[in-house]
file model27.cif (mmCIF, C-alpha atoms)
data_start
loop_
_atom_site.label_atom_id
_atom_site.label_comp_id
_atom_site.auth_asym_id
_atom_site.auth_seq_id
_atom_site.Cartn_x
_atom_site.Cartn_y
_atom_site.Cartn_z
CA MET J 1 -32.39 16.75 -11.76
CA ARG J 2 -33.69 15.37 -8.46
CA TYR J 3 -32.52 11.91 -9.53
CA LEU J 4 -29.08 13.34 -10.06
CA TYR J 5 -29.08 14.69 -6.51
CA LEU J 6 -30.30 11.34 -5.23
CA TYR J 7 -27.60 9.57 -7.20
CA LEU J 8 -24.85 11.84 -5.89
CA LEU J 9 -26.13 11.44 -2.33
CA ILE J 10 -26.09 7.66 -2.54
CA ILE J 11 -22.70 7.52 -4.21
CA SER J 12 -21.13 9.84 -1.66
CA SER J 13 -22.58 7.87 1.22
CA CYS J 14 -21.22 4.67 -0.32
CA SER J 15 -17.68 6.06 -0.31
CA ILE J 16 -17.55 6.68 3.43
CA ASN J 17 -14.88 4.51 4.92
CA ASP J 18 -16.22 3.10 8.15
CA LEU J 19 -13.87 0.10 8.48
CA ARG J 20 -16.75 -2.29 9.04
CA PRO J 21 -15.76 -5.89 8.34
CA ASN J 22 -16.85 -6.79 4.86
CA SER J 23 -18.06 -10.20 3.83
CA SER J 24 -16.35 -9.82 0.46
CA ASP J 25 -12.88 -9.70 2.03
CA ARG J 26 -12.65 -13.53 1.92
CA PHE J 27 -11.17 -13.89 5.42
CA ASP J 28 -14.07 -15.89 6.83
CA LYS J 29 -13.74 -18.39 4.00
CA ILE J 30 -9.99 -18.65 4.52
CA ILE J 31 -10.25 -19.12 8.27
CA SER J 32 -12.86 -21.82 7.78
CA LEU J 33 -10.75 -23.51 5.09
CA MET J 34 -7.59 -23.50 7.20
CA LYS J 35 -9.35 -25.36 10.00
CA ASN J 36 -9.36 -28.63 8.06
CA LYS J 37 -6.90 -27.70 5.29
CA THR J 38 -8.27 -30.01 2.62
CA THR J 39 -8.24 -29.37 -1.11
CA LYS J 40 -11.82 -30.64 -1.23
CA ASN J 41 -12.94 -27.71 0.92
CA LEU J 42 -10.69 -25.40 -1.06
CA TYR J 43 -12.42 -26.28 -4.32
CA GLN J 44 -15.81 -25.93 -2.66
CA SER J 45 -14.96 -22.45 -1.38
CA PHE J 46 -12.85 -21.02 -4.19
CA GLY J 47 -13.35 -23.35 -7.15
CA LYS J 48 -10.57 -24.53 -9.42
CA PRO J 49 -7.34 -22.49 -9.43
CA ASP J 50 -6.40 -20.24 -12.34
CA GLU J 51 -2.89 -21.62 -12.34
CA ILE J 52 -0.82 -24.36 -10.75
CA ALA J 53 2.77 -23.33 -10.14
CA ARG J 54 5.76 -25.01 -8.57
CA GLU J 55 8.11 -23.37 -6.13
CA GLY J 56 10.90 -24.10 -3.73
CA LYS J 57 13.94 -26.32 -3.91
CA ASP J 58 13.55 -28.88 -6.71
CA GLN J 59 10.18 -27.29 -7.48
CA ILE J 60 8.65 -29.58 -4.89
CA LEU J 61 6.05 -27.13 -3.58
CA GLN J 62 2.84 -27.03 -5.58
CA VAL J 63 1.02 -23.72 -5.47
CA LEU J 64 -2.60 -23.25 -6.54
CA LYS J 65 -3.06 -19.66 -7.64
CA TYR J 66 -6.39 -17.84 -7.58
CA LYS J 67 -5.68 -14.68 -9.51
CA LYS J 68 -8.81 -12.63 -8.91
CA SER J 69 -8.88 -13.47 -5.20
CA LYS J 70 -5.11 -12.93 -5.00
CA ILE J 71 -4.84 -16.13 -2.99
CA ASP J 72 -1.99 -18.65 -3.29
CA VAL J 73 -2.54 -22.04 -1.73
CA TYR J 74 0.56 -24.13 -0.99
CA LEU J 75 -0.07 -27.87 -0.96
CA ASP J 76 1.56 -30.28 1.45
CA SER J 77 4.50 -31.85 -0.38
CA THR J 78 3.72 -35.30 1.05
CA ASP J 79 -0.05 -35.20 0.68
CA ARG J 80 -1.41 -33.18 -2.23
CA ASN J 81 -4.92 -33.36 -0.80
CA LYS J 82 -3.80 -31.26 2.14
CA ILE J 83 -2.99 -27.58 2.35
CA SER J 84 0.30 -26.64 3.93
CA HIS J 85 -0.21 -22.88 4.06
CA LEU J 86 -1.90 -20.06 2.24
CA THR J 87 -1.21 -16.43 1.40
CA ILE J 88 -3.54 -13.64 0.42
CA PHE J 89 -2.24 -10.45 -1.14
CA PHE J 90 -3.96 -7.65 0.77
CA PHE J 91 -3.41 -4.27 -0.83
CA GLU J 92 -6.61 -2.25 -0.49
CA ASP J 93 -7.17 1.46 -0.95
CA MET J 94 -7.69 2.32 2.70
CA ASP J 95 -5.76 2.15 5.95
CA ASN J 96 -5.02 -1.59 5.77
CA TYR J 97 -3.71 -1.86 9.33
CA ALA J 98 -6.75 -0.12 10.83
CA TYR J 99 -9.11 -2.29 8.80
CA LEU J 100 -7.40 -5.53 9.82
CA LYS J 101 -7.16 -4.53 13.46
CA LYS J 102 -10.91 -3.92 13.49
CA ARG J 103 -11.60 -6.99 11.37
CA PHE J 104 -9.80 -9.31 13.78
CA GLU J 105 -10.60 -7.51 17.02
CA LYS J 106 -12.10 -10.61 18.58
CA TYR J 107 -8.77 -12.43 18.37
CA LYS J 108 -5.59 -11.93 20.37
CA TRP J 109 -3.45 -9.53 18.33
CA LEU J 110 0.32 -9.81 18.88
CA GLU J 111 2.41 -6.99 17.49
CA THR J 112 6.22 -6.90 17.41
CA LYS J 113 8.37 -4.08 16.13
CA LEU J 114 11.00 -5.45 13.77
CA VAL J 115 14.53 -4.15 13.99
CA ASP J 116 15.54 -2.70 10.68
CA GLU J 117 19.28 -2.29 10.68
CA THR J 118 19.55 -1.44 7.03
CA LYS J 119 19.75 2.23 6.24
CA SER J 120 17.88 2.14 2.99
CA ASP J 121 16.88 4.96 0.67
CA VAL J 122 13.31 4.73 1.88
CA ALA J 123 12.16 5.16 5.44
CA THR J 124 10.42 2.15 6.97
CA GLU J 125 9.12 1.15 10.37
CA LEU J 126 8.26 -2.53 10.15
CA TYR J 127 6.01 -4.53 12.42
CA LEU J 128 5.08 -8.19 12.53
CA ILE J 129 1.51 -9.04 13.49
CA ARG J 130 0.54 -12.51 14.64
CA ILE J 131 -2.85 -13.93 15.48
CA PRO J 132 -1.95 -17.44 16.69
CA GLU J 133 -5.55 -18.51 17.19
CA ILE J 134 -6.13 -18.57 13.42
CA GLY J 135 -2.52 -19.07 12.34
CA MET J 136 -2.38 -15.68 10.71
CA ARG J 137 0.57 -13.33 10.42
CA PHE J 138 1.67 -10.42 8.32
CA GLN J 139 4.13 -7.59 8.19
CA TYR J 140 3.33 -3.93 7.70
CA ASP J 141 5.24 -0.70 7.41
CA ASN J 142 3.96 2.03 9.66
CA LEU J 143 5.51 4.66 7.36
CA ALA J 144 3.92 3.33 4.17
CA PRO J 145 0.92 5.12 2.66
CA LYS J 146 -2.27 3.54 3.96
CA ARG J 147 -0.09 1.00 5.80
CA LYS J 148 -0.69 -1.37 2.88
CA VAL J 149 0.17 -4.89 3.92
CA MET J 150 0.72 -7.06 0.84
CA TRP J 151 1.04 -10.71 1.89
CA ILE J 152 -0.96 -12.15 4.75
CA TYR J 153 0.07 -15.67 5.69
CA PHE J 154 -2.14 -18.41 7.11
CA GLU J 155 -0.72 -21.69 8.35
CA MET D 1 -44.96 4.36 -8.31
CA ALA D 2 -44.74 1.45 -10.75
CA ARG D 3 -45.09 3.92 -13.61
CA LEU D 4 -42.33 6.06 -12.22
CA ILE D 5 -40.01 3.07 -11.90
CA SER D 6 -40.85 1.85 -15.37
CA LYS D 7 -40.23 5.31 -16.82
CA ASN D 8 -36.79 5.53 -15.19
CA LEU D 9 -35.82 1.90 -15.41
CA SER D 10 -32.61 2.45 -17.31
CA PHE D 11 -31.48 5.11 -14.85
CA ILE D 12 -32.31 2.91 -11.87
CA LYS D 13 -30.39 0.02 -13.45
CA PHE D 14 -27.39 2.31 -13.92
CA LEU D 15 -27.67 3.51 -10.33
CA LEU D 16 -27.83 0.00 -8.92
CA LEU D 17 -24.98 -1.16 -11.11
CA THR D 18 -22.82 1.74 -9.93
CA ILE D 19 -23.53 1.02 -6.29
CA LEU D 20 -23.02 -2.71 -6.61
CA THR D 21 -19.73 -2.31 -8.42
CA GLN D 22 -18.29 0.13 -5.88
CA PRO D 23 -15.22 -1.55 -4.38
CA PHE D 24 -15.47 -1.87 -0.63
CA HIS D 25 -13.81 0.84 1.42
CA THR D 26 -12.15 2.40 -1.61
CA PHE D 27 -10.05 5.34 -0.60
CA ALA D 28 -7.73 6.15 -3.47
CA CYS D 29 -5.81 9.40 -3.17
CA LEU D 30 -4.63 11.40 -6.15
CA PRO D 31 -0.93 11.96 -6.96
CA HIS D 32 -1.07 15.45 -5.45
CA GLU D 33 -2.73 14.26 -2.24
CA ILE D 34 -1.61 12.41 0.86
CA HIS D 35 -3.58 9.90 2.87
CA ILE D 36 -4.51 10.91 6.40
CA ARG D 37 -5.36 8.16 8.85
CA ALA D 38 -8.49 8.19 10.98
CA GLN D 39 -7.72 9.90 14.25
CA TRP D 40 -9.18 11.36 17.38
CA ILE D 41 -8.96 15.14 17.42
CA ALA D 42 -8.60 16.54 20.91
CA THR D 43 -10.38 19.72 21.99
CA TYR D 44 -8.70 22.85 20.70
CA THR D 45 -9.30 26.56 20.17
CA LYS D 46 -8.96 28.14 16.75
CA LYS D 47 -6.95 31.33 16.21
CA ASP D 48 -10.20 33.29 16.01
CA GLY D 49 -11.20 32.00 19.45
CA THR D 50 -13.69 29.38 18.27
CA HIS D 51 -13.77 26.40 20.59
CA VAL D 52 -13.74 23.03 18.84
CA SER D 53 -14.81 20.01 20.84
CA ALA D 54 -12.98 16.70 20.63
CA HIS D 55 -14.18 14.57 17.73
CA PRO D 56 -13.18 11.61 15.58
CA ARG D 57 -11.81 12.39 12.12
CA SER D 58 -12.31 9.82 9.38
CA GLU D 59 -9.54 8.63 7.16
CA HIS D 60 -9.30 10.97 4.15
CA CYS D 61 -7.10 12.31 1.36
CA ARG D 62 -5.62 15.77 1.78
CA GLU D 63 -4.25 17.94 -0.97
CA LEU D 64 -0.60 18.81 -0.50
CA LYS D 65 -0.15 22.34 0.84
CA SER D 66 3.04 22.68 -1.09
CA GLN D 67 4.14 20.84 -4.22
CA ASN D 68 7.76 20.14 -5.17
CA TYR D 69 8.74 22.72 -2.59
CA PHE D 70 12.41 23.23 -1.72
CA GLN D 71 12.72 23.75 2.00
CA ASP D 72 15.88 24.71 3.86
CA SER D 73 14.62 23.28 7.14
CA SER D 74 11.71 21.33 8.54
CA PRO D 75 9.90 21.34 11.87
CA THR D 76 9.00 17.67 11.31
CA LYS D 77 10.77 14.98 13.32
CA PHE D 78 11.56 12.19 10.85
CA ASN D 79 11.62 8.57 11.98
CA ASN D 80 15.01 6.88 12.11
CA LEU D 81 16.84 9.96 10.93
CA GLU D 82 19.32 12.04 12.85
CA THR D 83 20.40 14.80 10.54
CA LYS D 84 20.62 18.53 10.28
CA PHE D 85 19.01 20.10 7.26
CA LYS D 86 20.83 22.76 5.31
CA SER D 87 20.02 25.42 2.75
CA TRP D 88 19.64 24.63 -0.90
CA LYS D 89 22.02 26.14 -3.42
CA LYS D 90 20.39 27.74 -6.41
CA SER D 91 22.26 25.39 -8.77
CA GLU D 92 21.01 22.33 -6.87
CA LYS D 93 17.41 23.44 -7.07
CA GLU D 94 17.81 24.09 -10.77
CA LEU D 95 19.31 20.66 -11.33
CA ILE D 96 16.46 18.86 -9.58
CA SER D 97 13.80 21.00 -11.26
CA LYS D 98 15.37 20.21 -14.61
CA ASP D 99 15.49 16.48 -13.79
CA ILE D 100 11.84 16.52 -12.77
CA GLU D 101 10.92 17.96 -16.13
CA LYS D 102 12.74 15.09 -17.82
CA LEU D 103 10.74 12.45 -15.95
CA PRO D 104 8.06 10.56 -17.85
CA LEU D 105 4.56 11.94 -17.37
CA TRP D 106 3.32 8.90 -15.49
CA ILE D 107 5.69 9.67 -12.64
CA LYS D 108 5.99 13.43 -12.99
CA ARG D 109 2.35 13.72 -11.98
CA TYR D 110 3.33 12.55 -8.49
CA LYS D 111 3.87 15.75 -6.55
CA ILE D 112 6.31 15.86 -3.67
CA ALA D 113 5.36 17.85 -0.58
CA ASN D 114 8.90 18.82 0.36
CA PHE D 115 12.40 18.53 -0.98
CA LEU D 116 14.88 18.77 1.89
CA ARG D 117 18.66 19.00 1.83
CA ALA D 118 21.17 17.41 4.19
CA SER D 119 24.85 16.54 3.99
CA VAL D 120 25.07 12.82 4.66
CA HIS D 121 22.68 9.98 5.44
CA GLU D 122 24.05 8.75 8.74
CA GLY D 123 24.74 5.02 8.56
CA ASN D 124 24.58 5.00 4.77
CA PRO D 125 26.96 7.72 3.56
CA LYS D 126 26.76 6.65 -0.08
CA ASN D 127 22.99 7.03 -0.14
CA PRO D 128 22.02 9.89 -2.48
CA ALA D 129 18.46 10.42 -1.24
CA LEU D 130 15.92 9.25 1.32
CA THR D 131 12.17 9.09 0.73
CA TYR D 132 9.28 9.19 3.20
CA PRO D 133 6.41 7.91 1.03
CA ALA D 134 3.51 8.64 3.39
CA SER D 135 4.34 12.33 3.73
CA LYS D 136 5.77 12.57 0.20
CA THR D 137 9.06 13.99 1.35
CA ILE D 138 12.45 13.43 -0.27
CA ILE D 139 15.72 14.34 1.43
CA PHE D 140 18.69 14.84 -0.88
CA PHE D 141 22.22 14.28 0.36
CA ASP D 142 25.54 15.50 -1.03
CA ALA D 143 25.99 12.11 -2.70
CA TYR D 144 23.05 12.85 -4.97
CA PHE D 145 24.92 15.70 -6.64
CA THR D 146 27.96 13.56 -7.35
CA SER D 147 25.91 10.61 -8.54
CA PRO D 148 26.63 9.63 -12.16
CA ASN D 149 22.96 8.99 -12.83
CA VAL D 150 20.87 11.53 -10.95
CA GLU D 151 17.82 11.13 -13.18
CA TYR D 152 17.63 7.46 -12.32
CA VAL D 153 17.95 8.23 -8.61
CA LEU D 154 15.11 10.74 -8.79
CA LEU D 155 12.94 8.30 -10.72
CA HIS D 156 13.74 5.58 -8.20
CA GLU D 157 12.86 7.77 -5.22
CA ILE D 158 9.53 8.92 -6.63
CA SER D 159 8.75 5.32 -7.53
CA HIS D 160 8.84 4.52 -3.82
CA ILE D 161 5.79 6.78 -3.62
CA ALA D 162 4.09 5.64 -6.83
CA VAL D 163 4.41 1.92 -6.09
CA TRP D 164 1.66 2.07 -3.47
CA ASP D 165 -0.87 3.09 -6.11
CA VAL D 166 -0.21 0.22 -8.47
CA ASP D 167 -3.06 -2.22 -9.04
CA ALA D 168 -2.86 -5.00 -6.42
CA LEU D 169 -2.93 -7.93 -8.82
CA ASP D 170 -0.36 -6.39 -11.16
CA LEU D 171 1.92 -5.55 -8.26
CA LYS D 172 1.64 -9.09 -6.88
CA GLU D 173 2.52 -10.58 -10.26
CA PHE D 174 5.34 -8.14 -10.75
CA LEU D 175 6.88 -8.85 -7.35
CA GLU D 176 6.55 -12.60 -7.83
CA SER D 177 8.19 -12.42 -11.21
CA ASN D 178 11.08 -10.68 -9.43
CA GLY D 179 11.54 -13.53 -6.96
CA TRP D 180 9.26 -12.60 -4.07
CA SER D 181 7.55 -15.62 -2.59
CA TYR D 182 6.86 -17.42 0.63
CA LYS D 183 8.70 -20.46 1.81
CA ASN D 184 6.86 -23.16 3.64
CA GLY D 185 6.96 -22.69 7.39
CA LYS D 186 8.99 -19.49 7.29
CA ALA D 187 7.90 -16.10 8.56
CA PRO D 188 6.22 -13.93 5.92
CA GLN D 189 9.40 -12.77 4.27
CA PRO D 190 10.05 -12.81 0.54
CA SER D 191 12.75 -15.20 -0.52
CA THR D 192 15.12 -12.70 -2.07
CA GLU D 193 17.40 -10.27 -0.28
CA SER D 194 14.77 -7.59 -0.80
CA ASN D 195 12.05 -8.00 1.77
CA HIS D 196 9.87 -4.98 1.35
CA PRO D 197 8.95 -2.36 -1.25
CA GLY D 198 11.25 -0.17 0.77
CA PHE D 199 14.05 -2.06 -0.89
CA PHE D 200 12.27 -2.26 -4.18
CA SER D 201 14.41 -1.46 -7.15
CA ILE D 202 12.78 -0.73 -10.45
CA SER D 203 13.80 -2.65 -13.51
CA LYS D 204 12.94 -1.71 -17.09
CA ARG D 205 10.08 -4.17 -16.94
CA GLY D 206 8.94 -2.52 -13.73
CA LEU D 207 8.88 0.82 -15.43
CA ARG D 208 6.78 -0.57 -18.25
CA GLU D 209 4.32 -2.09 -15.80
CA PHE D 210 4.13 1.09 -13.77
CA ARG D 211 3.38 3.10 -16.88
CA ARG D 212 0.62 0.70 -17.79
CA ASN D 213 -0.82 0.69 -14.29
CA LEU D 214 -0.68 4.37 -13.76
CA LEU D 215 -2.62 4.88 -16.99
CA LEU D 216 -0.07 7.02 -18.77
#

call {"tool": "encode", "arguments": {"input": "model27.cif", "output": "structure tokens"}}
result
Amino acid sequence: MRYLYLYLLIISSCSINDLRPNSSDRFDKIISLMKNKTTKNLYQSFGKPDEIAREGKDQILQVLKYKKSKIDVYLDSTDRNKISHLTIFFFEDMDNYAYLKKRFEKYKWLETKLVDETKSDVATELYLIRIPEIGMRFQYDNLAPKRKVMWIYFE
Amino acid sequence: MARLISKNLSFIKFLLLTILTQPFHTFACLPHEIHIRAQWIATYTKKDGTHVSAHPRSEHCRELKSQNYFQDSSPTKFNNLETKFKSWKKSEKELISKDIEKLPLWIKRYKIANFLRASVHEGNPKNPALTYPASKTIIFFDAYFTSPNVEYVLLHEISHIAVWDVDALDLKEFLESNGWSYKNGKAPQPSTESNHPGFFSISKRGLREFRRNLLL
């Protein structure tokens, strides 16, 4: 019985959401990768992609997709050894905005309210966040549950 | 000590496995709960006179006080909405209650905090309903009751709430298969006319995927 109490205690303490940056969130690897933007470093950090897709006009853009990491790496159309840009799908079960604000607190955080002129059937309050120092930007909806972000873009 | 560990090895393994497989910062709320952001609570005095000092409140899930509740008015100030709420007619409440019962289980389990009633959505007069996903509120306009497909509208509105609980990878794949992607050098906007789940419309395939993801 005492082990059960111990177990419950540990599990409950593990579920406390303290917004501490987490090494498993992959951002450090991405930031490091986007400094030199080479496929060599990409393969060293993330391994081989699960899928190679083509996008854009005339399917010219090659996209390396890492399913589990939810990362899409867009290769430079003129040099396939270079990365053009990268997206990560960030959709975690917590306040995404609060986590990211804390996660990137050491960088200059630029926030712009986007004008939404469409009167849709769902209420939104959209913002664009930019962190120029690391070429990162994303959009979030202040009225969405947990302010879940979806795509974060690195260039 | 070694004997104790050896005796309970399988339990310890299970314990470690459970801890190690805990997703980081997981904070999933149930369909009858809403997510409350972390906030600073200022000093206040309870009704019974108890003084409560200022303190931080962690992010948490809160059970809805009311579920599928028809309200004739609301003290809440809704973002981007200038409207006057009005009383529900008995027939309208019956219609919506009946439509809720017809919804598939996977979406019927999502409880709505408040159903409100207004005449017209200013700026979008043809709009039958307006959803506020975070507070789980749906406002129904006159257009809803003249809509030829009210069940679909209700399903669509509740899906604006359910979509945020879909598994991340499945949602990503679903959105991409519906034309959402980034273009080189452009701001983070999907390539289609839709640019946010706010404008998300649910196809038959979407419904199938939602059912699968919501485990019903």

call {"tool": "resolve_selection", "arguments": {"input": "model27.cif", "expression": "the PyMOL selection byres ((chain J) within 6 of (chain D))", "output": "list in words"}}
result
Asn17, Phe91, Asp93, Met94, Lys119, Asp121, Val122, Ala123, Leu143, Ala144 and Pro145 of chain J

call {"tool": "resolve_selection", "arguments": {"input": "model27.cif", "expression": "the PyMOL selection byres ((chain J and resi 137) around 12)", "output": "mmCIF file with C-alpha atoms, keeping the file's coordinate frame"}}
result
data_model
loop_
_atom_site.group_PDB
_atom_site.id
_atom_site.type_symbol
_atom_site.label_atom_id
_atom_site.label_comp_id
_atom_site.auth_asym_id
_atom_site.auth_seq_id
_atom_site.Cartn_x
_atom_site.Cartn_y
_atom_site.Cartn_z
ATOM 1 C CA HIS J 85 -0.210 -22.880 4.060
ATOM 2 C CA LEU J 86 -1.900 -20.060 2.240
ATOM 3 C CA THR J 87 -1.210 -16.430 1.400
ATOM 4 C CA ILE J 88 -3.540 -13.640 0.420
ATOM 5 C CA LEU J 100 -7.400 -5.530 9.820
ATOM 6 C CA PHE J 104 -9.800 -9.310 13.780
ATOM 7 C CA LYS J 108 -5.590 -11.930 20.370
ATOM 8 C CA TRP J 109 -3.450 -9.530 18.330
ATOM 9 C CA LEU J 110 0.320 -9.810 18.880
ATOM 10 C CA GLU J 111 2.410 -6.990 17.490
ATOM 11 C CA THR J 112 6.220 -6.900 17.410
ATOM 12 C CA TYR J 127 6.010 -4.530 12.420
ATOM 13 C CA LEU J 128 5.080 -8.190 12.530
ATOM 14 C CA ILE J 129 1.510 -9.040 13.490
ATOM 15 C CA ARG J 130 0.540 -12.510 14.640
ATOM 16 C CA ILE J 131 -2.850 -13.930 15.480
ATOM 17 C CA PRO J 132 -1.950 -17.440 16.690
ATOM 18 C CA GLU J 133 -5.550 -18.510 17.190
ATOM 19 C CA ILE J 134 -6.130 -18.570 13.420
ATOM 20 C CA GLY J 135 -2.520 -19.070 12.340
ATOM 21 C CA MET J 136 -2.380 -15.680 10.710
ATOM 22 C CA PHE J 138 1.670 -10.420 8.320
ATOM 23 C CA GLN J 139 4.130 -7.590 8.190
ATOM 24 C CA TYR J 140 3.330 -3.930 7.700
ATOM 25 C CA VAL J 149 0.170 -4.890 3.920
ATOM 26 C CA MET J 150 0.720 -7.060 0.840
ATOM 27 C CA TRP J 151 1.040 -10.710 1.890
ATOM 28 C CA ILE J 152 -0.960 -12.150 4.750
ATOM 29 C CA TYR J 153 0.070 -15.670 5.690
ATOM 30 C CA PHE J 154 -2.140 -18.410 7.110
ATOM 31 C CA GLU J 155 -0.720 -21.690 8.350
ATOM 32 C CA GLY D 185 6.960 -22.690 7.390
ATOM 33 C CA LYS D 186 8.990 -19.490 7.290
ATOM 34 C CA ALA D 187 7.900 -16.100 8.560
ATOM 35 C CA PRO D 188 6.220 -13.930 5.920
ATOM 36 C CA GLN D 189 9.400 -12.770 4.270
#

call {"tool": "closest_residue", "arguments": {"input": "model27.cif", "among": "D:Ser119, D:Ser159, D:Ser87, D:Asn114", "to": "Lys65 (chain D)", "atoms": "only C-alpha atoms"}}
result
D:Asn114

call {"tool": "resolve_selection", "arguments": {"input": "model27.cif", "expression": "the PyMOL selection byres ((chain J and resi 67-69) around 12)", "output": "count of residues only"}}
result
34

call {"tool": "residues_around", "arguments": {"input": "model27.cif", "residues": "Ser53 (chain D)", "least_positions_apart": "4", "cutoff": "12 Å", "atoms": "all atoms listed in the file", "output": "PyMOL selection string"}}
result
chain D and resi 40-46+57

call {"tool": "write_last_selection", "arguments": {"input": "model27.cif", "atoms": "C-alpha atoms", "output": "PDB file, in the frame of the given file"}}
result
ATOM      1  CA  TRP D  40      -9.180  11.360  17.380  1.00  0.00           C
ATOM      2  CA  ILE D  41      -8.960  15.140  17.420  1.00  0.00           C
ATOM      3  CA  ALA D  42      -8.600  16.540  20.910  1.00  0.00           C
ATOM      4  CA  THR D  43     -10.380  19.720  21.990  1.00  0.00           C
ATOM      5  CA  TYR D  44      -8.700  22.850  20.700  1.00  0.00           C
ATOM      6  CA  THR D  45      -9.300  26.560  20.170  1.00  0.00           C
ATOM      7  CA  LYS D  46      -8.960  28.140  16.750  1.00  0.00           C
ATOM      8  CA  ARG D  57     -11.810  12.390  12.120  1.00  0.00           C
TER       9      ARG D  57
END

call {"tool": "atom_distance", "arguments": {"input": "model27.cif", "atom1": "CA of Ala118 (chain D)", "atom2": "CA of Thr83 (chain D)"}}
result
6.9 Å
